[in-house]
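Asker: Dropping in my_file_37.pdb, with PDB, C-alpha atoms and all ligand atoms.
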ATOM      1  CA  MET A   5     105.937  43.768  40.197
ATOM      2  CA  PRO A   6     106.348  42.426  43.765
ATOM      3  CA  ILE A   7     104.683  39.155  44.810
ATOM      4  CA  PRO A   8     100.841  38.931  44.593
ATOM      5  CA  GLU A   9      98.630  39.585  47.633
ATOM      6  CA  ARG A  10      97.985  35.928  48.371
ATOM      7  CA  GLN A  11     101.719  35.135  48.590
ATOM      8  CA  LEU A  12     102.418  38.265  50.590
ATOM      9  CA  ILE A  13      99.739  37.239  53.112
ATOM     10  CA  ALA A  14     101.264  33.756  53.405
ATOM     11  CA  ARG A  15     104.715  35.261  53.975
ATOM     12  CA  LEU A  16     103.475  37.750  56.580
ATOM     13  CA  THR A  17     101.399  35.116  58.370
ATOM     14  CA  ALA A  18     104.493  32.938  58.721
ATOM     15  CA  LYS A  19     106.592  35.824  60.017
ATOM     16  CA  SER A  20     104.202  37.695  62.309
ATOM     17  CA  ASN A  21     104.501  36.770  65.948
ATOM     18  CA  ARG A  22     101.192  35.599  67.313
ATOM     19  CA  ASN A  23     101.744  36.904  70.796
ATOM     20  CA  SER A  24      98.467  38.603  71.569
ATOM     21  CA  VAL A  25      95.740  36.463  73.087
ATOM     22  CA  SER A  26      93.283  39.199  72.153
ATOM     23  CA  VAL A  27      93.782  38.729  68.400
ATOM     24  CA  LEU A  28      91.354  35.904  67.591
ATOM     25  CA  LEU A  29      91.786  36.243  63.829
ATOM     26  CA  GLY A  30      94.678  38.076  62.187
ATOM     27  CA  ILE A  31      95.525  38.480  58.517
ATOM     28  CA  GLY A  32      93.482  36.457  56.035
ATOM     29  CA  ASP A  33      89.767  37.049  56.654
ATOM     30  CA  ASP A  34      87.516  39.989  55.785
ATOM     31  CA  CYS A  35      88.274  41.605  59.141
ATOM     32  CA  ALA A  36      90.631  41.031  62.024
ATOM     33  CA  LEU A  37      88.767  39.855  65.114
ATOM     34  CA  LEU A  38      89.837  41.163  68.510
ATOM     35  CA  ARG A  39      88.560  40.129  71.929
ATOM     36  CA  LEU A  40      88.049  43.217  74.039
ATOM     37  CA  SER A  41      85.405  42.200  76.552
ATOM     38  CA  ARG A  42      83.461  39.181  77.815
ATOM     39  CA  SER A  43      80.471  39.844  75.606
ATOM     40  CA  GLU A  44      81.746  41.486  72.439
ATOM     41  CA  ASP A  45      84.521  41.234  69.886
ATOM     42  CA  ALA A  46      85.888  44.062  67.782
ATOM     43  CA  LEU A  47      86.199  43.903  63.987
ATOM     44  CA  VAL A  48      88.792  45.924  62.084
ATOM     45  CA  THR A  49      89.177  46.206  58.324
ATOM     46  CA  THR A  50      91.194  48.460  56.091
ATOM     47  CA  ASP A  51      90.846  49.074  52.343
ATOM     48  CA  LEU A  52      92.888  51.124  49.937
ATOM     49  CA  SER A  53      91.297  52.981  46.994
ATOM     50  CA  LEU A  54      93.757  54.213  44.384
ATOM     51  CA  GLU A  55      93.022  56.487  41.471
ATOM     52  CA  GLY A  56      93.611  54.663  38.187
ATOM     53  CA  VAL A  57      93.336  51.283  39.905
ATOM     54  CA  HIS A  58      90.047  51.316  41.842
ATOM     55  CA  PHE A  59      88.447  54.387  40.322
ATOM     56  CA  ARG A  60      88.890  57.043  37.650
ATOM     57  CA  ARG A  61      87.930  60.645  38.145
ATOM     58  CA  ASP A  62      86.783  60.949  34.515
ATOM     59  CA  TRP A  63      84.519  57.871  34.849
ATOM     60  CA  GLN A  64      82.881  58.425  38.224
ATOM     61  CA  SER A  65      81.573  61.379  40.191
ATOM     62  CA  PRO A  66      83.388  62.376  43.416
ATOM     63  CA  GLU A  67      80.255  61.374  45.397
ATOM     64  CA  CYS A  68      80.364  57.896  43.856
ATOM     65  CA  ILE A  69      84.097  57.496  44.587
ATOM     66  CA  GLY A  70      83.555  58.561  48.225
ATOM     67  CA  HIS A  71      80.607  56.202  48.596
ATOM     68  CA  ARG A  72      82.528  53.252  47.144
ATOM     69  CA  CYS A  73      85.561  53.973  49.329
ATOM     70  CA  LEU A  74      83.463  53.469  52.483
ATOM     71  CA  THR A  75      81.446  50.629  50.919
ATOM     72  CA  ARG A  76      84.635  48.554  50.666
ATOM     73  CA  GLY A  77      85.138  48.785  54.432
ATOM     74  CA  LEU A  78      81.489  48.405  55.434
ATOM     75  CA  SER A  79      81.136  45.378  53.167
ATOM     76  CA  ASP A  80      83.935  43.617  55.080
ATOM     77  CA  ILE A  81      82.101  44.285  58.362
ATOM     78  CA  ALA A  82      78.924  42.908  56.722
ATOM     79  CA  ALA A  83      80.805  39.758  55.663
ATOM     80  CA  MET A  84      81.594  39.048  59.325
ATOM     81  CA  GLY A  85      78.002  39.750  60.449
ATOM     82  CA  GLY A  86      79.032  42.770  62.504
ATOM     83  CA  SER A  87      77.809  46.287  63.245
ATOM     84  CA  PRO A  88      80.001  49.151  62.035
ATOM     85  CA  ILE A  89      80.881  51.781  64.648
ATOM     86  CA  ALA A  90      83.435  54.234  63.291
ATOM     87  CA  ALA A  91      85.514  54.911  60.194
ATOM     88  CA  PHE A  92      88.972  56.447  59.811
ATOM     89  CA  LEU A  93      90.143  57.896  56.515
ATOM     90  CA  SER A  94      93.647  58.671  55.317
ATOM     91  CA  LEU A  95      93.601  60.755  52.188
ATOM     92  CA  ALA A  96      96.465  61.747  49.893
ATOM     93  CA  LEU A  97      95.526  64.436  47.367
ATOM     94  CA  PRO A  98      97.503  65.765  44.403
ATOM     95  CA  ASP A  99      98.221  69.458  43.852
ATOM     96  CA  GLY A 100      95.654  71.143  41.683
ATOM     97  CA  LEU A 101      92.742  68.969  42.783
ATOM     98  CA  PRO A 102      89.763  71.336  43.153
ATOM     99  CA  GLN A 103      88.430  71.686  46.703
ATOM    100  CA  LYS A 104      84.974  71.149  45.203
ATOM    101  CA  TRP A 105      86.040  67.605  44.261
ATOM    102  CA  VAL A 106      87.128  66.889  47.837
ATOM    103  CA  ASP A 107      83.882  68.331  49.248
ATOM    104  CA  ARG A 108      81.792  66.171  46.923
ATOM    105  CA  PHE A 109      83.902  63.073  47.769
ATOM    106  CA  PHE A 110      83.054  63.627  51.442
ATOM    107  CA  THR A 111      79.380  64.194  50.621
ATOM    108  CA  GLY A 112      79.265  60.704  49.064
ATOM    109  CA  LEU A 113      81.221  59.087  51.887
ATOM    110  CA  LEU A 114      79.351  60.807  54.726
ATOM    111  CA  THR A 115      75.890  60.180  53.249
ATOM    112  CA  LEU A 116      76.580  56.448  53.334
ATOM    113  CA  ALA A 117      78.171  56.731  56.797
ATOM    114  CA  LYS A 118      75.091  58.489  58.153
ATOM    115  CA  ARG A 119      72.771  55.833  56.737
ATOM    116  CA  HIS A 120      74.692  53.166  58.649
ATOM    117  CA  ARG A 121      75.214  55.338  61.753
ATOM    118  CA  VAL A 122      78.975  55.219  61.342
ATOM    119  CA  GLU A 123      81.003  58.146  62.580
ATOM    120  CA  LEU A 124      84.058  59.352  60.698
ATOM    121  CA  ALA A 125      86.241  59.492  63.793
ATOM    122  CA  GLY A 126      89.693  60.320  62.494
ATOM    123  CA  GLY A 127      92.259  60.050  59.754
ATOM    124  CA  ASP A 128      95.143  61.791  58.119
ATOM    125  CA  THR A 129      95.892  63.815  55.004
ATOM    126  CA  ALA A 130      98.981  64.211  52.881
ATOM    127  CA  ARG A 131     100.019  65.570  49.513
ATOM    128  CA  SER A 132     100.132  62.905  46.832
ATOM    129  CA  PRO A 133     102.781  63.070  44.082
ATOM    130  CA  ASP A 134     100.309  61.511  41.652
ATOM    131  CA  GLY A 135      96.591  60.797  41.877
ATOM    132  CA  VAL A 136      94.127  60.477  44.752
ATOM    133  CA  LEU A 137      94.709  57.794  47.376
ATOM    134  CA  ALA A 138      92.045  57.017  49.991
ATOM    135  CA  ASP A 139      92.658  54.447  52.718
ATOM    136  CA  ILE A 140      89.612  53.614  54.828
ATOM    137  CA  THR A 141      89.640  51.775  58.139
ATOM    138  CA  VAL A 142      86.343  50.641  59.653
ATOM    139  CA  LEU A 143      85.874  49.462  63.224
ATOM    140  CA  GLY A 144      82.887  47.286  64.078
ATOM    141  CA  SER A 145      81.575  45.043  66.813
ATOM    142  CA  ILE A 146      80.085  41.571  66.967
ATOM    143  CA  ARG A 147      78.691  39.428  69.779
ATOM    144  CA  ARG A 148      81.310  37.038  71.089
ATOM    145  CA  ASN A 149      81.697  33.873  68.991
ATOM    146  CA  ARG A 150      79.182  35.040  66.393
ATOM    147  CA  ALA A 151      81.560  36.358  63.692
ATOM    148  CA  LEU A 152      81.036  34.726  60.298
ATOM    149  CA  ARG A 153      84.400  33.423  59.187
ATOM    150  CA  ARG A 154      85.674  32.129  55.864
ATOM    151  CA  SER A 155      86.732  28.885  57.481
ATOM    152  CA  GLY A 156      83.396  27.385  58.572
ATOM    153  CA  ALA A 157      82.135  25.729  55.356
ATOM    154  CA  ARG A 158      81.556  21.976  55.589
ATOM    155  CA  VAL A 159      80.886  19.279  52.983
ATOM    156  CA  GLY A 160      77.176  19.234  52.147
ATOM    157  CA  ASP A 161      76.642  22.916  52.971
ATOM    158  CA  GLN A 162      74.692  24.833  50.345
ATOM    159  CA  ILE A 163      76.217  27.946  48.744
ATOM    160  CA  TYR A 164      74.204  31.172  48.508
ATOM    161  CA  VAL A 165      74.730  34.626  47.093
ATOM    162  CA  SER A 166      72.816  37.845  47.743
ATOM    163  CA  GLY A 167      71.544  40.217  45.060
ATOM    164  CA  GLU A 168      72.825  39.957  41.498
ATOM    165  CA  LEU A 169      76.348  39.772  40.115
ATOM    166  CA  GLY A 170      78.202  41.394  37.251
ATOM    167  CA  GLU A 171      76.784  44.930  37.101
ATOM    168  CA  SER A 172      80.002  46.583  38.182
ATOM    169  CA  ALA A 173      82.146  44.518  35.795
ATOM    170  CA  ALA A 174      79.729  45.100  32.897
ATOM    171  CA  THR A 175      79.860  48.839  33.544
ATOM    172  CA  LEU A 176      83.644  48.781  33.722
ATOM    173  CA  HIS A 177      83.738  46.899  30.426
ATOM    174  CA  LEU A 178      81.537  49.513  28.722
ATOM    175  CA  LEU A 179      83.647  52.356  30.124
ATOM    176  CA  THR A 180      86.828  50.667  28.929
ATOM    177  CA  GLN A 181      85.325  50.121  25.469
ATOM    178  CA  ARG A 182      84.247  53.788  25.426
ATOM    179  CA  LYS A 183      80.637  52.763  24.964
ATOM    180  CA  LEU A 184      79.885  54.719  28.107
ATOM    181  CA  ARG A 185      81.473  57.989  29.145
ATOM    182  CA  ARG A 186      80.567  58.037  32.825
ATOM    183  CA  ARG A 187      78.579  55.771  35.098
ATOM    184  CA  ASP A 188      78.010  56.023  38.826
ATOM    185  CA  LEU A 189      77.149  52.870  40.724
ATOM    186  CA  PHE A 190      76.420  53.094  44.435
ATOM    187  CA  PRO A 191      76.581  49.524  45.786
ATOM    188  CA  GLU A 192      74.932  49.131  49.188
ATOM    189  CA  PRO A 193      76.968  47.152  51.728
ATOM    190  CA  ARG A 194      74.863  44.227  53.003
ATOM    191  CA  ILE A 195      75.171  45.112  56.703
ATOM    192  CA  ALA A 196      71.620  44.093  57.709
ATOM    193  CA  LEU A 197      71.902  40.770  55.872
ATOM    194  CA  GLY A 198      75.231  39.911  57.530
ATOM    195  CA  GLN A 199      73.787  40.750  60.945
ATOM    196  CA  TRP A 200      70.704  38.622  60.269
ATOM    197  CA  LEU A 201      72.830  35.621  59.223
ATOM    198  CA  SER A 202      74.995  35.964  62.326
ATOM    199  CA  LYS A 203      72.118  36.486  64.787
ATOM    200  CA  ARG A 204      70.077  33.554  63.491
ATOM    201  CA  GLN A 205      73.236  31.447  63.238
ATOM    202  CA  ILE A 206      72.287  30.446  59.705
ATOM    203  CA  ALA A 207      75.613  30.777  57.866
ATOM    204  CA  SER A 208      78.586  28.452  58.369
ATOM    205  CA  ALA A 209      80.973  30.712  56.400
ATOM    206  CA  ALA A 210      80.761  34.080  54.648
ATOM    207  CA  ILE A 211      82.760  36.532  52.557
ATOM    208  CA  ASP A 212      81.857  39.658  50.588
ATOM    209  CA  ILE A 213      82.261  39.609  46.818
ATOM    210  CA  SER A 214      84.886  42.264  46.252
ATOM    211  CA  ASP A 215      87.297  40.416  43.969
ATOM    212  CA  GLY A 216      84.741  38.319  42.047
ATOM    213  CA  LEU A 217      82.722  35.184  42.813
ATOM    214  CA  SER A 218      85.426  32.774  41.581
ATOM    215  CA  THR A 219      88.193  34.357  43.673
ATOM    216  CA  ASP A 220      86.092  34.952  46.788
ATOM    217  CA  LEU A 221      84.677  31.413  46.698
ATOM    218  CA  SER A 222      88.250  30.114  46.428
ATOM    219  CA  HIS A 223      89.041  31.934  49.703
ATOM    220  CA  ILE A 224      86.183  30.099  51.465
ATOM    221  CA  CYS A 225      87.335  26.773  49.958
ATOM    222  CA  GLU A 226      90.959  27.323  50.989
ATOM    223  CA  GLU A 227      90.179  28.493  54.514
ATOM    224  CA  SER A 228      87.600  25.745  55.076
ATOM    225  CA  GLY A 229      89.594  22.963  53.370
ATOM    226  CA  VAL A 230      86.755  22.031  51.008
ATOM    227  CA  GLY A 231      85.781  22.110  47.323
ATOM    228  CA  ALA A 232      82.696  23.575  45.652
ATOM    229  CA  VAL A 233      80.352  22.942  42.749
ATOM    230  CA  ILE A 234      78.497  25.926  41.271
ATOM    231  CA  GLU A 235      75.538  25.659  38.892
ATOM    232  CA  ALA A 236      76.018  28.201  36.080
ATOM    233  CA  GLU A 237      72.288  28.444  35.378
ATOM    234  CA  ALA A 238      71.611  29.296  39.035
ATOM    235  CA  ILE A 239      73.961  32.309  39.217
ATOM    236  CA  PRO A 240      71.879  35.515  39.443
ATOM    237  CA  ILE A 241      73.456  37.483  36.594
ATOM    238  CA  HIS A 242      72.612  41.189  36.576
ATOM    239  CA  SER A 243      70.753  42.355  33.462
ATOM    240  CA  MET A 244      73.671  44.658  32.550
ATOM    241  CA  ALA A 245      75.974  41.638  32.353
ATOM    242  CA  ARG A 246      73.361  39.329  30.882
ATOM    243  CA  LYS A 247      73.124  41.603  27.838
ATOM    244  CA  PHE A 248      76.632  40.519  26.871
ATOM    245  CA  GLY A 249      75.614  36.862  26.965
ATOM    246  CA  ASN A 250      76.116  35.974  23.341
ATOM    247  CA  GLN A 251      78.615  38.568  22.337
ATOM    248  CA  THR A 252      81.882  37.221  21.084
ATOM    249  CA  GLU A 253      83.772  40.484  21.059
ATOM    250  CA  ARG A 254      85.891  39.376  23.970
ATOM    251  CA  ARG A 255      88.118  36.546  22.870
ATOM    252  CA  THR A 256      89.481  35.939  26.340
ATOM    253  CA  SER A 257      86.073  34.781  27.602
ATOM    254  CA  SER A 258      86.758  31.662  29.657
ATOM    255  CA  SER A 259      83.298  30.118  29.327
ATOM    256  CA  GLY A 260      82.206  31.416  25.918
ATOM    257  CA  ASP A 261      79.435  33.327  27.678
ATOM    258  CA  PHE A 262      80.764  36.782  28.494
ATOM    259  CA  GLY A 263      77.773  37.668  30.706
ATOM    260  CA  LEU A 264      78.522  34.596  32.831
ATOM    261  CA  ASP A 265      82.226  35.539  32.922
ATOM    262  CA  LEU A 266      81.362  39.001  34.229
ATOM    263  CA  ALA A 267      79.203  37.522  37.003
ATOM    264  CA  LEU A 268      81.731  34.803  37.816
ATOM    265  CA  HIS A 269      84.957  36.800  37.734
ATOM    266  CA  GLY A 270      84.031  40.496  37.864
ATOM    267  CA  GLY A 271      84.545  42.145  41.240
ATOM    268  CA  ASP A 272      83.165  45.152  43.091
ATOM    269  CA  ASP A 273      79.656  43.731  43.526
ATOM    270  CA  TYR A 274      79.777  43.869  47.356
ATOM    271  CA  GLU A 275      77.184  41.124  47.641
ATOM    272  CA  LEU A 276      77.580  38.436  50.300
ATOM    273  CA  LEU A 277      78.614  34.886  49.437
ATOM    274  CA  PHE A 278      77.792  32.435  52.237
ATOM    275  CA  THR A 279      77.338  28.784  53.017
ATOM    276  CA  ALA A 280      74.723  27.164  55.257
ATOM    277  CA  PRO A 281      74.183  23.563  56.381
ATOM    278  CA  GLY A 282      71.718  21.732  54.111
ATOM    279  CA  LEU A 283      69.250  21.339  56.988
ATOM    280  CA  LYS A 284      68.965  25.095  57.601
ATOM    281  CA  ARG A 285      66.090  26.709  55.772
ATOM    282  CA  VAL A 286      67.354  29.759  53.923
ATOM    283  CA  LYS A 287      64.636  32.096  52.707
ATOM    284  CA  ARG A 288      64.712  33.458  49.156
ATOM    285  CA  ARG A 289      64.514  36.980  50.512
ATOM    286  CA  ILE A 290      66.191  38.094  53.738
ATOM    287  CA  VAL A 291      65.814  41.669  55.065
ATOM    288  CA  GLY A 292      64.538  42.637  51.624
ATOM    289  CA  VAL A 293      67.551  41.217  49.760
ATOM    290  CA  LYS A 294      67.238  38.473  47.152
ATOM    291  CA  ILE A 295      69.060  35.266  48.121
ATOM    292  CA  THR A 296      69.929  32.613  45.531
ATOM    293  CA  ARG A 297      71.277  29.114  46.063
ATOM    294  CA  ILE A 298      74.056  28.612  43.513
ATOM    295  CA  GLY A 299      75.785  25.383  44.516
ATOM    296  CA  GLU A 300      77.148  23.036  47.139
ATOM    297  CA  ILE A 301      80.291  22.448  49.174
ATOM    298  CA  VAL A 302      81.957  19.137  48.251
ATOM    299  CA  PRO A 303      84.976  17.130  49.454
ATOM    300  CA  GLY A 304      88.406  17.972  48.060
ATOM    301  CA  SER A 305      89.818  21.380  47.233
ATOM    302  CA  LYS A 306      88.692  22.069  43.663
ATOM    303  CA  MET A 307      85.940  24.330  42.356
ATOM    304  CA  HIS A 308      83.753  23.235  39.464
ATOM    305  CA  LEU A 309      81.055  24.795  37.338
ATOM    306  CA  ILE A 310      78.149  22.724  36.023
ATOM    307  CA  ARG A 311      76.910  24.194  32.760
ATOM    308  CA  SER A 312      74.399  22.485  30.440
ATOM    309  CA  GLY A 313      75.065  19.244  32.322
ATOM    310  CA  LYS A 314      78.840  19.497  31.755
ATOM    311  CA  LYS A 315      81.364  19.905  34.535
ATOM    312  CA  GLN A 316      84.356  22.219  34.098
ATOM    313  CA  ALA A 317      87.006  23.529  36.484
ATOM    314  CA  ILE A 318      86.601  27.074  37.789
ATOM    315  CA  VAL A 319      89.859  28.984  37.668
ATOM    316  CA  PRO A 320      89.716  31.947  40.057
ATOM    317  CA  LEU A 321      90.348  34.787  37.620
ATOM    318  CA  GLY A 322      89.723  37.492  40.205
ATOM    319  CA  TRP A 323      89.732  41.146  39.784
ATOM    320  CA  GLU A 324      93.421  41.790  39.129
ATOM    321  CA  HIS A 325      93.701  39.390  36.244
ATOM    322  CA  PHE A 326      90.386  40.556  34.903
ATOM    323  CA  ARG A 327      91.439  44.179  34.684
ATOM    324  CA  LYS A 328      94.789  43.433  33.130
ATOM    325  CA  ASN A 329      92.992  41.816  30.205
ATOM    326  CA  GLN A 330      90.652  44.707  29.554
TER     327      GLN A 330
HETATM  328 MG    MG A 401      86.209  41.245  51.968
END
Represent the structure from my file as structure tokens, please.
Answerer:
Amino acid sequence: MPIPERQLIARLTAKSNRNSVSVLLGIGDDCALLRLSRSEDALVTTDLSLEGVHFRRDWQSPECIGHRCLTRGLSDIAAMGGSPIAAFLSLALPDGLPQKWVDRFFTGLLTLAKRHRVELAGGDTARSPDGVLADITVLGSIRRNRALRRSGARVGDQIYVSGELGESAATLHLLTQRKLRRRDLFPEPRIALGQWLSKRQIASAAIDISDGLSTDLSHICEESGVGAVIEAEAIPIHSMARKFGNQTERRTSSSGDFGLDLALHGGDDYELLFTAPGLKRVKRRIVGVKITRIGEIVPGSKMHLIRSGKKQAIVPLGWEHFRKNQ
């Protein structure tokens, strides 16, 4: 196995020549940020969906896989507070894949695209030696200097999360345990929420939860040079995950509460995690989406969880690690 993503990013960042004044942000945030005009910046994000890694054809419908493929890109635009404009899709398909599957994949992808007024404006296709591979690129725009970055969190800022966490991980767990045969989840990228946070200049930092709360929060902490304290009881755990609360079937549970583990470390929720200065009033519902305060930014670089009055370190277990242990 080659080096993990985080190390690869560090290596590439050191090697890449920063010679374009138009690239305001390169590798290492949810999107790259490019200055194209006096009033607006461009956002670019790219996400790879691999059969057997990000989806399984026997677990999810083609519509669901297409929807989730675009969700990954749109969610990155949402995390920066931007407006999506166009998507580009490169698709590698194995021999013997029914055309019906491909048509239904596009139905899922294009239905979501239409809802967000995003045009599929290009792409490429190739024959895959093994499994479906879908690489989505999404281009968006944002008013100059309004992009929500990972690096803006300051000590004393409050930490918020949208929606509820753990549904996707709970579903994956049930599929893996063969307690479910198929399950389609259609997460909605939080575009309107991101735009609201950027326009009102409420958030100091933001990221989308694609790898899991613990991992994505660690990105904000690293980029901002701060630590964080999360209150376990405040985390909005989805009912699907909450059901596992007292089950002990999973010995690798890091907290002893599997439902909490799913919400803390399970990925693919596509909710927004953001920080805001303590003085800013953050409503409990923004553009129809539930917002929950879950903790506070503190000095240092460590992340801690307060649970039943006890403080314990949060180890970012992220998505990769999580799946390996399934
Ligand atoms: Mg992201």
Asker: Extract, using all atoms listed in the file, all DNA, RNA and protein residues at most 12 Å from Gly86 in chain A, discarding same-chain residues fewer than 3 positions from it, and format them as a VMD selection string.
Answerer: chain A and resid 34 to 37 44 to 49 77 to 83 89 120 142 to 153 193 to 203 210
Asker: Taking all atoms of range 182-186 of chain A that the file lists, what box with edges along x, y and z, padded by 3 Å per side, do you get, with centre and edge lengths in Å to one decimal, as JSON?
Answerer:
{"center_x": 82.1, "center_y": 55.4, "center_z": 28.9, "size_x": 10.4, "size_y": 11.3, "size_z": 13.9}
Asker: Within 10 Å of Arg289 in chain A, counting all atoms listed in the file, which residues show up once you throw out same-chain ones fewer than 4 positions away? Write them as a ChimeraX atom specification, please.
Answerer: /A:166-167,197,293-296
Asker: Measuring atom to atom with only C-alpha atoms and all ligand atoms, identify which of A:Thr219, A:Ser41, A:Ser20, A:Ser312 is nearest to ligand MG 401 (chain A).
Answerer: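 Between A:Thr219, A:Ser41, A:Ser20, A:Ser312, the residue approaching ligand MG 401 (chain A) most closely is A:Thr219.
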Asker: Which is closer to ligand MG 401 (chain A) than all the others in A:Met84, A:Ala157, A:Leu29, A:Leu54, using only C-alpha atoms and all ligand atoms?
Answerer: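 For ligand MG 401 (chain A), the nearest of the given residues is A:Met84.
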Asker: Written as an MDAnalysis selection string, which residues does the PyMOL selection byres (((chain A and resi 161) around 9) and not hetatm) give for the file shown?
Answerer: chainID A and resid 157:160 162:163 208 279:283 299:302
